[in-house]
Every structure is written in C-alpha cells, then in structure tokens.
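Chemist: Next comes target29.cif, mmCIF, C-alpha atoms:
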data_start
loop_
_atom_site.label_atom_id
_atom_site.label_comp_id
_atom_site.auth_asym_id
_atom_site.auth_seq_id
_atom_site.Cartn_x
_atom_site.Cartn_y
_atom_site.Cartn_z
CA MET M 1 30.02 -47.62 1.10
CA ALA M 2 29.56 -44.60 -1.21
CA LEU M 3 26.29 -42.73 -1.12
CA ASP M 4 24.15 -42.82 -4.25
CA ALA M 5 22.37 -39.47 -4.61
CA GLY M 6 19.76 -40.87 -6.98
CA MET M 7 18.84 -43.71 -4.64
CA LEU M 8 18.74 -41.38 -1.63
CA ALA M 9 16.50 -38.97 -3.54
CA ASP M 10 14.09 -41.79 -4.45
CA GLN M 11 13.88 -42.94 -0.85
CA MET M 12 13.38 -39.37 0.39
CA LEU M 13 10.65 -38.74 -2.16
CA GLY M 14 8.98 -42.02 -1.23
CA ALA M 15 8.87 -40.94 2.41
CA ALA M 16 7.80 -37.35 1.75
CA LEU M 17 5.11 -37.81 -0.91
CA PRO M 18 2.52 -39.75 1.15
CA ILE M 19 2.78 -37.09 3.88
CA LEU M 20 2.33 -34.26 1.39
CA LYS M 21 -0.64 -36.06 -0.21
CA LYS M 22 -2.31 -36.71 3.15
CA HIS M 23 -1.91 -33.08 4.20
CA ALA M 24 -3.17 -31.87 0.81
CA GLN M 25 -6.34 -33.99 1.12
CA ASP M 26 -6.94 -32.75 4.66
CA ALA M 27 -6.41 -29.12 3.64
CA GLU M 28 -8.71 -29.54 0.65
CA SER M 29 -11.58 -30.94 2.68
CA PHE M 30 -11.17 -28.19 5.30
CA ALA M 31 -11.04 -25.44 2.65
CA LYS M 32 -14.06 -26.90 0.86
CA ALA M 33 -16.17 -26.97 4.03
CA GLU M 34 -15.20 -23.47 5.11
CA PHE M 35 -15.53 -21.82 1.69
CA THR M 36 -18.95 -23.48 1.28
CA LYS M 37 -20.10 -21.80 4.50
CA ILE M 38 -18.75 -18.44 3.33
CA ALA M 39 -20.39 -18.79 -0.09
CA GLN M 40 -23.75 -19.67 1.51
CA THR M 41 -23.51 -16.64 3.76
CA ILE M 42 -22.73 -14.34 0.83
CA VAL M 43 -25.86 -15.66 -0.93
CA SER M 44 -27.83 -15.09 2.27
CA ILE M 45 -26.60 -11.48 2.50
CA GLY M 46 -27.76 -10.87 -1.07
CA GLU M 47 -31.19 -12.32 -0.29
CA GLN M 48 -31.54 -10.22 2.84
CA VAL M 49 -30.76 -7.00 0.94
CA ALA M 50 -33.19 -7.98 -1.81
CA GLY M 51 -35.85 -8.83 0.77
CA GLY M 52 -35.35 -5.55 2.63
CA GLN M 53 -34.34 -7.28 5.88
CA ILE M 54 -31.01 -5.44 5.99
CA ASN M 55 -29.84 -2.26 4.30
CA GLN M 56 -26.79 -1.85 2.05
CA GLN M 57 -24.60 -0.50 4.85
CA GLN M 58 -25.34 -3.56 6.98
CA ALA M 59 -24.68 -5.80 3.97
CA VAL M 60 -21.26 -4.22 3.46
CA LEU M 61 -20.33 -4.85 7.10
CA LEU M 62 -21.51 -8.46 6.92
CA LEU M 63 -19.59 -9.04 3.70
CA ASN M 64 -16.52 -7.53 5.34
CA MET M 65 -16.81 -10.16 8.06
CA GLN M 66 -16.97 -12.93 5.43
CA THR M 67 -13.88 -11.55 3.66
CA THR M 68 -11.97 -11.62 6.92
CA ALA M 69 -13.16 -15.19 7.52
CA SER M 70 -11.75 -16.14 4.09
CA ARG M 71 -8.41 -14.60 5.06
CA ASN M 72 -8.35 -16.74 8.18
CA VAL M 73 -9.09 -19.89 6.18
CA LEU M 74 -6.19 -19.07 3.85
CA LEU M 75 -3.90 -18.38 6.81
CA CYS M 76 -4.84 -21.75 8.26
CA LEU M 77 -4.00 -23.42 4.93
CA LYS M 78 -0.66 -21.61 4.93
CA GLY M 79 0.09 -22.96 8.40
CA LEU M 80 -0.96 -26.47 7.41
CA ALA M 81 1.29 -26.26 4.34
CA LEU M 82 4.25 -25.30 6.54
CA LEU M 83 3.51 -28.24 8.80
CA ALA M 84 3.27 -30.56 5.80
CA ALA M 85 6.60 -29.34 4.43
CA GLU M 86 8.19 -29.73 7.84
CA GLU M 87 6.91 -33.30 8.30
CA ALA M 88 7.86 -34.25 4.74
CA ILE M 89 11.44 -33.00 5.14
CA ASN M 90 11.86 -34.69 8.50
CA ALA M 91 10.44 -37.96 7.14
CA ALA M 92 12.71 -37.73 4.09
CA LEU M 93 15.76 -37.28 6.31
CA GLY M 94 14.57 -40.02 8.65
CA VAL M 95 14.32 -42.60 5.89
CA VAL M 96 17.93 -42.10 4.72
CA LYS M 97 19.36 -41.68 8.21
CA THR M 98 20.73 -45.21 8.56
CA ALA M 99 22.32 -45.29 5.12
CA VAL M 100 23.86 -41.82 5.47
CA ASN M 101 25.21 -42.42 8.96
CA ALA M 102 26.62 -45.82 7.98
CA ALA M 103 28.34 -44.42 4.89
CA LEU M 104 29.82 -41.46 6.74
CA LYS M 105 30.73 -43.55 9.81
CA PHE M 106 29.36 -40.91 12.18
CA PRO M 107 25.80 -39.96 13.20
CA LEU M 108 25.24 -36.94 10.98
CA ILE M 109 21.49 -37.48 11.24
CA ALA M 110 20.75 -38.40 14.86
CA MET D 1 21.66 -7.43 -26.10
CA ASP D 2 18.60 -8.56 -28.09
CA THR D 3 15.65 -10.41 -26.57
CA SER D 4 16.58 -13.86 -27.88
CA THR D 5 20.11 -13.53 -26.48
CA LYS D 6 18.69 -12.49 -23.12
CA LEU D 7 16.32 -15.45 -23.19
CA ARG D 8 19.12 -17.90 -24.04
CA LEU D 9 21.25 -16.46 -21.22
CA HIS D 10 18.31 -16.69 -18.82
CA LEU D 11 17.64 -20.31 -19.74
CA ARG D 12 21.31 -21.17 -19.24
CA ILE D 13 21.58 -19.42 -15.87
CA ARG D 14 18.25 -20.52 -14.39
CA PRO D 15 19.02 -24.25 -13.93
CA SER D 16 22.33 -23.45 -12.29
CA ILE D 17 20.62 -21.03 -9.88
CA THR D 18 18.00 -23.64 -9.06
CA ALA D 19 20.64 -26.29 -8.50
CA GLY D 20 22.64 -23.91 -6.33
CA VAL D 21 19.65 -23.01 -4.18
CA SER D 22 18.69 -26.68 -3.83
CA ALA D 23 22.20 -27.63 -2.81
CA PHE D 24 22.28 -24.78 -0.30
CA VAL D 25 19.00 -25.86 1.24
CA LEU D 26 20.16 -29.46 1.46
CA VAL D 27 23.47 -28.52 3.06
CA ALA D 28 21.73 -26.14 5.44
CA LEU D 29 19.33 -28.88 6.47
CA LEU D 30 22.03 -31.46 6.94
CA PHE D 31 24.16 -29.20 9.07
CA ALA D 32 21.41 -27.35 10.89
CA GLY D 33 21.91 -29.45 14.01
CA CYS D 34 18.19 -29.81 14.74
CA ALA D 35 14.96 -31.07 13.23
CA VAL D 36 13.28 -28.81 10.71
CA ARG D 37 10.62 -26.58 12.24
CA PHE D 38 8.80 -23.90 10.27
CA ILE D 39 5.95 -23.08 12.66
CA GLY D 40 5.64 -22.83 16.45
CA ASP D 41 4.30 -25.38 18.90
CA TYR D 42 0.72 -26.02 19.99
CA ASP D 43 -0.41 -23.54 22.62
CA ASP D 44 -3.07 -24.68 25.07
CA THR D 45 -3.82 -21.12 26.28
CA ILE D 46 -4.63 -19.93 22.76
CA ASP D 47 -6.67 -23.06 22.02
CA LYS D 48 -8.78 -22.67 25.18
CA GLY D 49 -8.87 -18.85 24.95
CA VAL D 50 -10.30 -18.91 21.43
CA THR D 51 -12.83 -21.58 22.43
CA ASP D 52 -13.94 -19.40 25.37
CA ILE D 53 -14.32 -16.39 23.08
CA GLN D 54 -16.52 -18.39 20.73
CA GLN D 55 -18.62 -19.70 23.61
CA LYS D 56 -19.22 -16.16 24.95
CA ALA D 57 -19.97 -14.85 21.47
CA GLU D 58 -22.48 -17.66 20.93
CA VAL D 59 -24.30 -16.63 24.12
CA TYR D 60 -24.56 -13.03 22.85
CA PHE D 61 -25.67 -14.11 19.36
CA SER D 62 -28.30 -16.46 20.82
CA LYS D 63 -29.61 -13.63 22.97
CA LEU D 64 -29.86 -11.33 19.92
CA GLN D 65 -31.69 -14.02 17.98
CA SER D 66 -34.13 -15.06 20.68
CA SER D 67 -34.74 -11.48 21.82
CA PRO D 68 -34.11 -9.16 18.86
CA ASN D 69 -34.86 -6.14 21.04
CA THR D 70 -31.81 -6.86 23.23
CA PRO D 71 -29.98 -3.54 23.52
CA TYR D 72 -26.42 -3.00 22.31
CA ASP D 73 -24.08 -4.33 25.02
CA GLN D 74 -20.76 -2.49 25.30
CA ASP D 75 -19.62 -4.84 28.09
CA PHE D 76 -19.68 -7.77 25.68
CA TYR D 77 -17.33 -5.99 23.25
CA ASP D 78 -15.05 -4.79 26.07
CA ASP D 79 -14.76 -8.39 27.26
CA MET D 80 -14.03 -9.71 23.74
CA ASN D 81 -11.44 -6.98 23.12
CA ALA D 82 -9.67 -7.69 26.41
CA ARG D 83 -9.57 -11.44 25.78
CA LEU D 84 -8.31 -11.04 22.24
CA ALA D 85 -5.67 -8.48 23.32
CA VAL D 86 -4.31 -10.98 25.85
CA LEU D 87 -4.19 -13.80 23.28
CA LYS D 88 -2.55 -11.53 20.70
CA SER D 89 0.14 -10.49 23.18
CA ARG D 90 0.81 -14.14 23.92
CA ALA D 91 0.96 -15.08 20.22
CA ALA D 92 3.34 -12.18 19.57
CA LEU D 93 5.76 -13.58 22.15
CA LEU D 94 5.60 -17.21 21.02
CA PRO D 95 8.31 -18.25 18.54
CA LYS D 96 7.20 -18.77 14.94
CA TYR D 97 3.63 -17.66 15.60
CA PRO D 98 2.97 -14.91 13.01
CA ILE D 99 0.22 -16.89 11.27
CA ILE D 100 -1.87 -17.41 14.39
CA LEU D 101 -1.16 -13.83 15.48
CA GLU D 102 -2.60 -12.61 12.19
CA GLN D 103 -5.59 -14.92 12.54
CA LEU D 104 -6.29 -13.46 16.00
CA SER D 105 -6.02 -9.92 14.58
CA ASN D 106 -8.53 -10.88 11.91
CA LEU D 107 -10.88 -12.31 14.53
CA LYS D 108 -10.65 -9.03 16.46
CA SER D 109 -11.38 -7.14 13.26
CA GLN D 110 -14.54 -9.24 12.81
CA PHE D 111 -15.74 -8.37 16.32
CA ASP D 112 -15.00 -4.69 15.60
CA THR D 113 -17.08 -4.90 12.44
CA PHE D 114 -19.95 -6.64 14.21
CA GLN D 115 -19.77 -4.01 16.96
CA LYS D 116 -20.30 -1.28 14.33
CA LEU D 117 -23.23 -3.23 12.90
CA ASP D 118 -24.74 -3.87 16.32
CA LYS D 119 -24.33 -0.24 17.41
CA ALA D 120 -25.79 1.21 14.22
CA SER D 121 -28.70 -1.21 13.82
CA PRO D 122 -32.10 -0.23 15.10
CA ARG D 123 -34.04 -2.80 17.12
CA PRO D 124 -35.39 -5.37 16.49
CA PHE D 125 -32.01 -6.62 15.27
CA PRO D 126 -32.40 -8.68 12.06
CA SER D 127 -31.88 -12.30 13.14
CA VAL D 128 -30.58 -13.37 9.72
CA ALA D 129 -27.77 -10.82 10.07
CA VAL D 130 -26.86 -12.41 13.39
CA THR D 131 -26.69 -15.82 11.69
CA ASP D 132 -24.36 -14.46 8.99
CA ALA D 133 -22.07 -12.74 11.50
CA GLU D 134 -22.04 -15.82 13.70
CA SER D 135 -21.04 -17.96 10.71
CA ALA D 136 -18.15 -15.63 9.78
CA ILE D 137 -16.80 -15.68 13.32
CA ALA D 138 -17.22 -19.46 13.52
CA VAL D 139 -15.16 -19.89 10.33
CA SER D 140 -12.35 -17.81 11.83
CA VAL D 141 -12.45 -19.68 15.13
CA GLU D 142 -12.40 -23.02 13.30
CA SER D 143 -9.45 -21.85 11.20
CA ILE D 144 -7.45 -21.01 14.32
CA LEU D 145 -8.42 -24.21 16.14
CA LYS D 146 -7.76 -26.37 13.07
CA LEU D 147 -4.20 -25.07 12.95
CA GLU D 148 -3.69 -25.37 16.71
CA LEU D 149 -4.93 -28.97 16.68
CA ALA D 150 -2.65 -29.79 13.74
CA LEU D 151 0.24 -28.39 15.79
CA LYS D 152 -0.88 -30.53 18.72
CA ASP D 153 -0.81 -33.66 16.52
CA ARG D 154 2.64 -32.88 15.20
CA GLY D 155 4.44 -34.38 18.18
CA LYS D 156 3.00 -37.86 17.64
CA ALA D 157 5.77 -39.09 15.31
CA PRO D 158 9.00 -37.48 16.54
CA PRO D 159 11.09 -36.18 13.64
CA PRO D 160 14.75 -37.11 13.45
CA SER D 161 17.17 -34.60 14.86
CA LEU D 162 20.34 -33.71 13.06
CA THR D 163 23.72 -33.37 14.68
CA LYS D 164 26.70 -31.32 13.65
CA GLY D 165 29.73 -33.27 12.59
CA SER D 166 31.18 -35.36 15.41
CA LYS D 167 34.55 -34.46 16.73
#
If you convert what's in this file into structure tokens, what do you get?

Modeler:
Amino acid sequence: MALDAGMLADQMLGAALPILKKHAQDAESFAKAEFTKIAQTIVSIGEQVAGGQINQQQAVLLLNMQTTASRNVLLCLKGLALLAAEEAINAALGVVKTAVNAALKFPLIA
Amino acid sequence: MDTSTKLRLHLRIRPSITAGVSAFVLVALLFAGCAVRFIGDYDDTIDKGVTDIQQKAEVYFSKLQSSPNTPYDQDFYDDMNARLAVLKSRAALLPKYPIILEQLSNLKSQFDTFQKLDKASPRPFPSVAVTDAESAIAVSVESILKLELALKDRGKAPPPSLTKGSK
C-alpha cells in the first residue's frame, strides 16, 4: 500500500494540535498568574517610594529582582514550549506508526 | 539588480528553502533512531533543592517581617549561595538542562540583589520591601518547579521510539 502524504499529514496534525493547544492554555494561565504578581509588586514598589517607606536605591534593587523573576517566567515558558513541541512530534509520529510500518513492511517507527 | 527583481527572486527561493528545511527535519526525525527529546529529564535533586531554598528563605523573610530590627545575617546568604552553587553544578552536568541552569543563575542573582538591599538598609527593615522581595523569589522558584513538574509528567504517555532501517 502506497503512503499518502496528505493523509499522513492530516493524521499527524490531528494528533499534534490538541497537545499544542493544551500546553498553550497551561502556559497562558501560568504566565498570567506570575505576571500578575510581578505587576502588583511593581505597583507596590511605586507606592512605597511615594510613601517614603523605601528610598530610590532600594526601589531599584527591588525592581531588579522583579525583572529577574520575569526572565525566569519566560525561561519556564520556553521550556514548556519545548516540551509541547516534543510531545506533539512524538504523538504525530505515533499516530501514523501503524500505517507507515505496514506500507514499508518493516518497523521504521518502533 | 533592482529591488523588484530581488524581491521576485526572494519570493521564488523562499518556498523552496522552506520545503527543503521541512523535508530535512522530517527525514532527520524518521531516521533519528530514537524518540524526539528537546529538554532533559525531571531531576528530583533540583526539585527538592529549590524547595528547600525557598523554605529557608521564607524563614528569613518571616523573621525580618516579624522583627524588623533583625540584623543582617551573612550566614543566611552563605548558606543560600552554597546550595545554589551545588544545584547549578548539577544542572550544568545534566544533559539538555541549559534552561533550568539559567533559571538557577537568575535565582542566585535575586539573592545577591536582596543581600545588597539587606546589607545597605538601616533597621528597622521596611516590611513591605521584604514582601516584594519574597514575591520575586517565589515567582522564580515557581517557574523552576513548574518546569520540573512538567518534566516529571512527561513520562506518563511514552512516546514512540524510532528505529533505523532494519537489515
């Protein structure tokens, strides 16, 4: 049986898309929660400077800590994106495994 | 060559480059001989180590908040630095771990910044500043743990492995 690239692509996309969507939703809710905390803290720093509770030098150091926290959130999202891509590719290959192996008459995808 | 000629040439070449790269990726995947893996495995030592660091930091922050006259404590920072150095060394040795290594470096940088703030601030230490610093460190810790836990969950549905052509 000859392999149909279009049909294989459809099956692969069908397997990969739900995984990518699920990961995207998870990443979005995580990013939203974490960036909300960071935004609230930045507002708090501004209020503390205005209220004279901390000086400008202290505010700069506290803001620096928030910036670094943002970098860590973005790094986490990068890692989650890699995981999503990895799972999507593996699922896409998994869904066409039987058809590919049957057509080629050897277990290319084990 | 004028701009419109360059543009036409670019538009003609671009799809063929894209198709070539896609085909290469597909062939590479099919003949890789193993499941696709872009990021390292879950590491229990890093998971627990980061949790311990947060727990110890919380104790110090609570002390600063409940007793704002608590003096600067160099031992706390020495302990944090030692723990983070150990975790960073481990992350540097683990395969495909640059993201978590960078996250740990950022966490260390946050402790360094808070150390400067702590050292330079007269007592009583402003409790709101402690809350803000605590929040920044918590975000970093959660970012590391979120990724570690996602790596831990990865193994639940085993991906297919690919074999090279049979002989």

Chemist: Leaving out range 55-67 of chain M and any residue of its chain fewer than 2 positions from it, which residues lie within 7 Å of it when counting all atoms listed in the file, given as a list in words?

Modeler: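 Once the nearby chain positions are removed, what remains is Ile38, Ile42, Ile45, Val49, Gly52, Gln53, Ala69, Ser70 and Arg71 of chain M; Gln110, Thr113, Leu117, Asp132, Ala133 and Ala136 of chain D.
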
Chemist: Considering all atoms listed in the file, can you say which of D:Lys108, D:Lys88, D:Phe76, D:Ile144 comes closest to Val59 in chain D?

Modeler: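 Counting all atoms listed in the file, the residue closest to Val59 in chain D is D:Phe76.
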
Chemist: Got a sec: who's within 10 Å of Arg37 in chain D, counting all atoms listed in the file, leaving out chain neighbours fewer than 2 positions off, as a list in words?

Modeler: Leu82, Leu83, Ala85, Glu86, Glu87, Ile89 and Asn90 of chain M; Cys34, Ala35, Ile39, Gly40, Asp41, Lys96 and Pro159 of chain D

Chemist: Pick out the residues sitting within 10 Å of Asn69 in chain D, and hand them over as number ranges by chain; count all atoms listed in the file, and ignore anything fewer than 6 positions along from it in its own chain.

Modeler: D: 63, 122-126

Chemist: Neighbouring residues of Met80 in chain D were defined as those with any atom within 9 Å, considering all atoms listed in the file; residues of the same chain fewer than 5 positions away were excluded. Please report them as a ChimeraX atom specification.

Modeler: /D:53,56-57,75,85,108,111

Chemist: Pick from D:Lys48, D:Lys152, D:Lys119, D:Lys146: nearest to chain M, with all atoms listed in the file counted?

Modeler: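 Going through D:Lys48, D:Lys152, D:Lys119, D:Lys146 one by one, the smallest distance to chain M is for D:Lys146.
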
Chemist: Any idea what's packed within 12 Å of Asp153 in chain D, counting only C-alpha atoms, ignoring anything in its chain fewer than 2 positions away? Could you give it as JSON, numbers by chain?

Modeler: {"M": [80, 83, 84, 87], "D": [41, 42, 43, 146, 147, 148, 149, 150, 151, 155, 156, 157, 158]}

Chemist: Just checking: using all atoms listed in the file, which residue out of M:Leu93, M:Asn72, M:Val43, M:Glu34 ends up closest to Asp10 in chain M?

Modeler: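 The answer is M:Leu93, which sits nearest to Asp10 in chain M.
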
Chemist: So, with all atoms listed in the file as the atoms that count, which of M:Ala15, M:Leu3, M:Val73, M:Lys105 lies closest to Ala33 in chain M?

Modeler: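 Among M:Ala15, M:Leu3, M:Val73, M:Lys105, it is M:Val73 that comes nearest to Ala33 in chain M.
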
Chemist: Measuring atom to atom with all atoms listed in the file, identify which of M:Ala103, M:Gly51, M:Thr98, M:Leu77 is nearest to chain D.

Modeler: M:Leu77

Chemist: Name the closest residue to Leu104 in chain D among the candidates D:Ser89, D:Tyr77, D:Gln55, D:Glu134; distances are taken between atoms, counting all atoms listed in the file.

Modeler: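 Using all atoms listed in the file, Leu104 in chain D sits closest to D:Ser89.
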
Chemist: What is the CA of Ala138 in chain D-CA of Thr51 in chain D distance in Å, reported with one decimal?

Modeler: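 Pair CA of Ala138 in chain D / CA of Thr51 in chain D returns 10.2 Å.
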
Chemist: With the PyMOL selection byres ((chain M and resi 31) around 10) as the selection, what would be picked from this file? Answer as a list in words, please.

Modeler: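 On the file shown, the PyMOL selection byres ((chain M and resi 31) around 10) covers Gln25, Asp26, Ala27, Glu28, Ser29, Phe30, Lys32, Ala33, Glu34, Phe35, Thr36, Lys37, Ser70, Val73, Leu74, Cys76 and Leu77 of chain M; Ser143 of chain D.
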
Chemist: Provide an axis-aligned box for all listed atoms of range 52-71 of chain M, padding each side by 5 Å; report its centre and its edge lengths in Å to one decimal, as AutoDock Vina command-line options.

Modeler:
--center_x -21.9 --center_y -8.3 --center_z 5.1 --size_x 36.9 --size_y 25.6 --size_z 16.0

Chemist: Please, what distance in Å, to one decimal, runs between CA of Ile109 in chain M and CA of Leu8 in chain M?

Modeler: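 If I compute the distance from CA of Ile109 in chain M to CA of Leu8 in chain M, I get 13.7 Å.
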
Chemist: State, in Å with one decimal place, the distance from CA of Leu64 in chain D to CA of Asp118 in chain D.

Modeler: 9.7 Å

Chemist: Kindly resolve the PyMOL selection byres ((chain D and resi 99) around 8) on the present coordinates and return the residues as a list in words.

Modeler: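 Applied to this file, the PyMOL selection byres ((chain D and resi 99) around 8) selects Leu75, Cys76, Lys78 and Gly79 of chain M; Tyr97, Pro98, Ile100, Leu101, Glu102 and Gln103 of chain D.
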
Chemist: As a check of understanding, name the residues that the PyMOL selection byres ((chain M and resi 12) around 10) selects in the supplied structure, as a list in words.

Modeler: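 Evaluating the PyMOL selection byres ((chain M and resi 12) around 10) on this file yields Gly6, Met7, Leu8, Ala9, Asp10, Gln11, Leu13, Gly14, Ala15, Ala16, Leu17, Ala88, Ile89, Asn90, Ala91, Ala92, Leu93, Gly94, Val95 and Val96 of chain M.
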
Chemist: How would range 14-26 of chain M look with N, CA and C atoms restored, written as a compact mmCIF listing (two decimals), in the frame of the given file?

Modeler:
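File selection-v8.txt, as written:
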# COMPACT_ATOMS: atom_id res chain seq x y z
N GLY M 14 9.94 -40.99 -1.65
CA GLY M 14 8.98 -42.02 -1.23
C GLY M 14 8.46 -41.78 0.17
N ALA M 15 9.30 -41.22 1.04
CA ALA M 15 8.87 -40.94 2.41
C ALA M 15 8.06 -39.65 2.49
N ALA M 16 8.44 -38.68 1.66
CA ALA M 16 7.80 -37.35 1.75
C ALA M 16 6.44 -37.30 1.05
N LEU M 17 6.34 -37.95 -0.10
CA LEU M 17 5.11 -37.81 -0.91
C LEU M 17 3.83 -38.21 -0.20
N PRO M 18 3.78 -39.40 0.48
CA PRO M 18 2.52 -39.75 1.15
C PRO M 18 2.11 -38.70 2.20
N ILE M 19 3.09 -38.12 2.87
CA ILE M 19 2.78 -37.09 3.88
C ILE M 19 2.19 -35.86 3.20
N LEU M 20 2.82 -35.44 2.11
CA LEU M 20 2.33 -34.26 1.39
C LEU M 20 0.92 -34.51 0.85
N LYS M 21 0.69 -35.73 0.33
CA LYS M 21 -0.64 -36.06 -0.21
C LYS M 21 -1.70 -36.05 0.89
N LYS M 22 -1.36 -36.63 2.03
CA LYS M 22 -2.31 -36.71 3.15
C LYS M 22 -2.67 -35.29 3.62
N HIS M 23 -1.66 -34.46 3.76
CA HIS M 23 -1.91 -33.08 4.20
C HIS M 23 -2.73 -32.31 3.16
N ALA M 24 -2.44 -32.57 1.88
CA ALA M 24 -3.17 -31.87 0.81
C ALA M 24 -4.65 -32.25 0.85
N GLN M 25 -4.93 -33.53 1.07
CA GLN M 25 -6.34 -33.99 1.12
C GLN M 25 -7.06 -33.36 2.31
N ASP M 26 -6.36 -33.33 3.44
CA ASP M 26 -6.94 -32.75 4.66
C ASP M 26 -7.22 -31.26 4.46
